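The structure under discussion appears below in the form of structure tokens.
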Amino acid sequence: MSALRSIGPLRWLIRNPIWGFVLLVFVFFSIASDHFFDFRNFQNIMVQTSTIGLIALGMTLVMINGNIDLSVGATLALAAAFAVDVQSWAAFATWGNWQILPAVCMALLVGILIGALNGIIVWKTGVDAFIVTLGAMLGVRGLVFVYTGEQSFYAMNFAYSDFSYSSVGPVPSLALIFILCTIAVHILLSRTVHGRNTYAVGGNREAAVNAGIRVGPHMVWNFMLLGFLAALAGVALSTQMGAATPNLGRDYELWTITAVVLGGTKLTGGKGDIIGTFGGVLAIGILRNGMNLMQVPGFYVYVILGSILIAVLFLDKQFNRRSKGEIRV
Amino acid sequence: MVLTRMRASGPMVAKQGILLAFVVFLIVFTFASDRFLTVENFLSVFRQAAIIGIMALGVTIVVIGGNLDLSVGSMLSFATVLVVDLHDKIGPELAIVVMIAATLCLGAVNGFLVGILRLNSLIVTLGMLSAIQGFVLIYSGGQNVDIVDQAGTWFRFFGRGAVLGIATPIVMFIGLALIFNVIMSMMPFGRKVYAVGGNPTAASFSGVPRSRIVFVTYLISALCVALAAIVLGSRVMGSQNNVGQGYELQVLAAVILGGTSLLGGAGSILKTVLGVLMLAFIQNGLILMGQPYYTQWLVTWVVIIVAVWLDVAAKRGKLFSPIA
């Protein structure tokens, strides 16, 4: 937020147009709906957005690298299945509430492993991340169905599903986890060597190699971070439901990519930040929540989100063309 | 040693890798199941592959032109719901005409945004995927649609009928593949698509109307979706409102497996047909072997990555990427 002080709020808003949009929909729904401007509802929005938000944080880093990950939805489902299933393994039967601990650890580990696998394949084979993770999206989803036997798992330990209702002071636990992760990833991206390298690799891979950055392992780390966050989102989502279904997280890759692109991250890499992504996530969350409260059928959200995505791309192109002076042919 | 051998055999593997893999799979499945290598089974696989196959033909042309089309899945839902719903209201002939026109409009929107405005095709078609799914739900009110008089309508010809003893979907798929193959490899339009996909700037300077070419590739893609929707609607005689969900990925998987480069400028229609058939035979073979349905996705995962890896490796002459 130091950026805010140095350049003034108006110019900051121009650089982060998505926050202007967040402000707009916030004001709009506050006036248009009776139930929107309410602290309980804000808590709701934060919990609802935490799932997509967590994934979007990791996706931002991977996309700044110039990669993409389509397998996050499937990773989320696999992690959720492990988190719910491992609790009821006989080995942990006598552990009481502590049986949740190995289950969650296992889920997070699975997420990290899938991320590492994607990253290593991208690094070693040189195949485009889009293709690698498209394959993984199908394959990991297949794993979910094979592992669960096409059944839903239900959490036997009620402490697990109770967690989603718990809160620290006025802030729901799930929202708190999301906010803490946002701050951590923001610091990672803007204040550390790893963050600098992330921009360098995405901006110009050749130059990054020549500057002595180990590009391959760097990308693997980012994929692992994304896998971890996707798994965490899976755990968060399954605590809310007290269950894990094999179809969990379908289309989440689309929602997260939408959120990240709305936040100003470039698909070509080298540009983007967490503040923007957070704005993108909030925009989607507020829009969905507000339209829900106004009893607009959920169908319209798809149309509006799709249109906004294309509009943002169009506006962005207009701004960039002016500043860069792209060759017109 | 390994590397030199790689280099020598590289071009061959790159050119015919998919064909080799295809033959290997056929042999494995033939030995694993005695019901695999029969005319009936092959025809049924072809029939099942036809819908994804017809869509994949159009997407191949878009991808050769250097763009992506992720909206085909939603578009398939849209077209199928529309044609099935209108069938009982205005009759099959008009329903087909209206549906094709409406689907072409969606293709034109894609083409306008990507071709004329030069926006990123991945994001545009992602946005369209979401928006079109919304349209379908609004149009159908979240209800599923179906055709009441299923036996009496000639509309059943497309999904359940046959031409000279061969099921119509197969005839449509193979016929379209041959037509598009001629267009792409022998006609000026096809060469222009390759030129635009290979190097857009160079193509523009050589006088190829880049914007218009990309626009038309999206129209072709939409047309293919419309034809696939006719087959699907006619076969099921009804439609869920999200029937095409996830099709875009299977279509893309088939296109990639066929060796079409996502960077554009390379690929061929006939190889896409191979990719489509290979995915269909993997699914069919695994099911005949008694494997759970979802095992095919695991196999697809491995096959896609290995196929593209070999392709990439052959081009650079090294198995592993040189990135540190």
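By order in the structure tokens, chains are A, B, ...; within a chain, residues start at 1; ligands start at 1, following the order shown.
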
Just want the 9 Å neighbourhood of Val22 (chain A), counted on only C-alpha atoms, with same-chain residues fewer than 5 positions away dropped. Output as a short mmCIF file (atom, residue, chain, number, x, y, z; two decimals) with C-alpha atoms, in the first residue's frame.
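Writing done, so here's selection_18.cif:
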data_model
loop_
_atom_site.label_atom_id
_atom_site.label_comp_id
_atom_site.auth_asym_id
_atom_site.auth_seq_id
_atom_site.Cartn_x
_atom_site.Cartn_y
_atom_site.Cartn_z
CA PRO A 17 -8.61 -0.50 -13.18
CA VAL A 27 -21.44 0.83 -4.44
CA GLY A 279 -9.18 -7.21 -6.94
CA GLY A 280 -10.13 -9.68 -9.67
CA LEU A 282 -13.20 -9.75 -5.14
CA ALA A 283 -14.88 -8.51 -8.33
CA ILE A 284 -16.08 -11.99 -9.18
CA ILE A 286 -19.05 -9.45 -5.13
CA LEU A 287 -20.72 -9.85 -8.51
#

Selection near Ala311 (chain A), 10 Å with only C-alpha atoms, sequence-local residues under 5 positions removed, as a ChimeraX atom specification: /A:262,305-306,316-317 /B:124,127

Using only C-alpha atoms, select each residue of chain B with any atom at most 9 Å away from an atom of chain A, and give the selection as a CSV table (one decimal) with C-alpha atoms, in the first residue's frame.
chain,number,residue,atom,x,y,z
B,113,LEU,CA,-12.8,-10.1,-31.5
B,117,LEU,CA,-9.7,-6.5,-32.9
B,118,ARG,CA,-6.6,-8.8,-32.5
B,119,LEU,CA,-7.4,-9.8,-28.9
B,120,ASN,CA,-5.9,-12.8,-27.3
B,122,LEU,CA,-7.4,-17.9,-25.4
B,123,ILE,CA,-9.0,-15.2,-23.2
B,124,VAL,CA,-11.7,-14.2,-25.8
B,125,THR,CA,-12.9,-17.8,-26.3
B,126,LEU,CA,-12.7,-18.4,-22.6
B,127,GLY,CA,-15.0,-15.5,-22.1
B,128,MET,CA,-17.2,-16.7,-24.9
B,129,LEU,CA,-17.3,-20.2,-23.3
B,130,SER,CA,-18.7,-18.6,-20.1
B,131,ALA,CA,-21.1,-16.2,-21.9
B,132,ILE,CA,-22.5,-18.8,-24.3
B,133,GLN,CA,-23.1,-21.2,-21.4
B,134,GLY,CA,-25.1,-18.4,-19.8
B,135,PHE,CA,-27.1,-17.8,-23.0
B,136,VAL,CA,-28.0,-21.5,-23.2
B,137,LEU,CA,-29.2,-21.5,-19.6
B,138,ILE,CA,-31.2,-18.3,-20.1
B,141,GLY,CA,-34.5,-21.6,-18.4
B,142,GLY,CA,-32.3,-24.3,-17.0
B,201,THR,CA,3.4,-10.1,-39.9
B,204,SER,CA,0.4,-9.3,-43.9
B,205,PHE,CA,3.3,-7.9,-45.8
B,246,GLY,CA,-15.7,-30.3,-21.4
B,249,LEU,CA,-10.7,-30.1,-24.0
B,250,GLN,CA,-11.3,-33.5,-25.6
B,252,LEU,CA,-8.2,-29.9,-28.2
B,253,ALA,CA,-6.5,-33.0,-27.0
B,256,ILE,CA,-2.8,-31.7,-30.2
B,262,LEU,CA,-0.5,-24.6,-30.8
B,292,PRO,CA,-12.9,-48.5,-15.3
B,293,TYR,CA,-14.1,-45.7,-17.6
B,294,TYR,CA,-11.9,-43.1,-16.2
B,295,THR,CA,-8.7,-45.0,-16.9
B,296,GLN,CA,-8.8,-43.6,-20.4
B,297,TRP,CA,-8.2,-40.2,-19.1
B,298,LEU,CA,-5.0,-41.4,-17.3
B,299,VAL,CA,-3.8,-43.0,-20.5
B,300,THR,CA,-4.7,-39.9,-22.5
B,301,TRP,CA,-2.6,-37.8,-20.1
B,302,VAL,CA,0.5,-39.9,-20.8
B,303,VAL,CA,-0.1,-40.2,-24.5
B,304,ILE,CA,-0.6,-36.5,-25.1
B,305,ILE,CA,2.5,-35.5,-23.2
B,308,VAL,CA,4.1,-33.7,-28.0
B,309,TRP,CA,7.4,-34.3,-26.3
B,310,LEU,CA,8.7,-36.5,-29.1
B,312,VAL,CA,9.3,-31.1,-29.8
B,313,ALA,CA,12.4,-33.2,-29.1
B,319,LEU,CA,15.4,-35.2,-25.9
B,320,PHE,CA,15.5,-32.8,-23.0
B,321,SER,CA,15.0,-29.1,-23.0
B,322,PRO,CA,18.3,-27.2,-22.7
B,323,ILE,CA,16.9,-24.8,-20.2
B,324,ALA,CA,19.0,-24.8,-17.0

Met224 (chain A) surroundings by only C-alpha atoms, 9 Å radius, close-in-sequence under 3 positions cut, as a ChimeraX atom specification: /A:58,111-119,219-221,227-229

Strand (DSSP E or B) residues, from DSSP on the backbone, in region 139-273 of chain A, as number ranges by chain: A: 153-154, 167-168, 171-172, 243-244

Keeping only N, CA and C atoms, write the selected residues as a PDB file, in the first residue's frame.
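Result written to result.pdb:
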ATOM      1  N   PHE A 153     -17.098 -38.796  -0.768  1.00  0.00           N
ATOM      2  CA  PHE A 153     -16.645 -39.126   0.589  1.00  0.00           C
ATOM      3  C   PHE A 153     -17.277 -38.133   1.564  1.00  0.00           C
ATOM      4  N   TYR A 154     -17.649 -38.634   2.741  1.00  0.00           N
ATOM      5  CA  TYR A 154     -18.181 -37.732   3.756  1.00  0.00           C
ATOM      6  C   TYR A 154     -17.258 -37.720   4.955  1.00  0.00           C
ATOM      7  N   SER A 167     -14.461 -18.842  13.628  1.00  0.00           N
ATOM      8  CA  SER A 167     -13.882 -17.572  13.227  1.00  0.00           C
ATOM      9  C   SER A 167     -12.931 -17.080  14.299  1.00  0.00           C
ATOM     10  N   VAL A 168     -12.005 -16.261  13.878  1.00  0.00           N
ATOM     11  CA  VAL A 168     -11.056 -15.647  14.800  1.00  0.00           C
ATOM     12  C   VAL A 168     -11.512 -14.210  14.979  1.00  0.00           C
ATOM     13  N   VAL A 171     -13.391 -12.330  12.083  1.00  0.00           N
ATOM     14  CA  VAL A 171     -13.023 -12.828  10.761  1.00  0.00           C
ATOM     15  C   VAL A 171     -13.151 -14.350  10.695  1.00  0.00           C
ATOM     16  N   PRO A 172     -13.932 -14.875   9.767  1.00  0.00           N
ATOM     17  CA  PRO A 172     -14.034 -16.333   9.612  1.00  0.00           C
ATOM     18  C   PRO A 172     -12.672 -16.937   9.322  1.00  0.00           C
ATOM     19  N   ALA A 243     -17.673 -32.795   2.886  1.00  0.00           N
ATOM     20  CA  ALA A 243     -17.631 -33.919   1.959  1.00  0.00           C
ATOM     21  C   ALA A 243     -16.714 -33.576   0.794  1.00  0.00           C
ATOM     22  N   ALA A 244     -16.350 -34.597   0.033  1.00  0.00           N
ATOM     23  CA  ALA A 244     -15.582 -34.384  -1.195  1.00  0.00           C
ATOM     24  C   ALA A 244     -16.243 -35.181  -2.305  1.00  0.00           C
TER      25      ALA A 244
END

DSSP alpha helix (DSSP H) residues within region 109-287 of chain B, as JSON, numbers by chain: {"B": [109, 110, 111, 121, 122, 123, 124, 125, 126, 127, 128, 129, 130, 131, 132, 133, 134, 135, 136, 137, 138, 139, 140, 157, 158, 159, 160, 168, 169, 170, 171, 172, 173, 174, 175, 176, 177, 178, 179, 180, 181, 182, 183, 184, 185, 186, 188, 189, 190, 191, 192, 193, 194, 195, 196, 197, 198, 200, 201, 202, 203, 204, 205, 210, 211, 212, 213, 214, 215, 216, 217, 218, 219, 220, 221, 222, 223, 224, 225, 226, 227, 228, 229, 230, 231, 232, 233, 234, 235, 236, 247, 248, 249, 250, 251, 252, 253, 254, 255, 256, 257, 269, 270, 271, 272, 273, 274, 275, 276, 277, 278, 279, 280, 281, 282, 283, 284, 285, 286, 287]}

Atom-to-atom span, CA of Leu106 (chain B) and CA of Ala222 (chain B), Å: 7.2 Å

Near-Gly269 (chain A) list (8 Å; only C-alpha atoms; drop same-chain fewer than 2 positions) as a count of residues only: 12

Selection: 12 Å around Ile64 (chain B), only C-alpha atoms, excl. self and same-chain fewer than 4 positions, as a PyMOL selection string: chain B and resi 56-60+68-69+184-185+190-200+213-214+217-218+221+255-256+258-269+272

Spatial neighbours of region 103-109 of chain A, max dist 10 Å, only C-alpha atoms, sep filter under 6 positions, as an MDAnalysis selection string: chainID A and resid 75:89 92 115 224 227:235
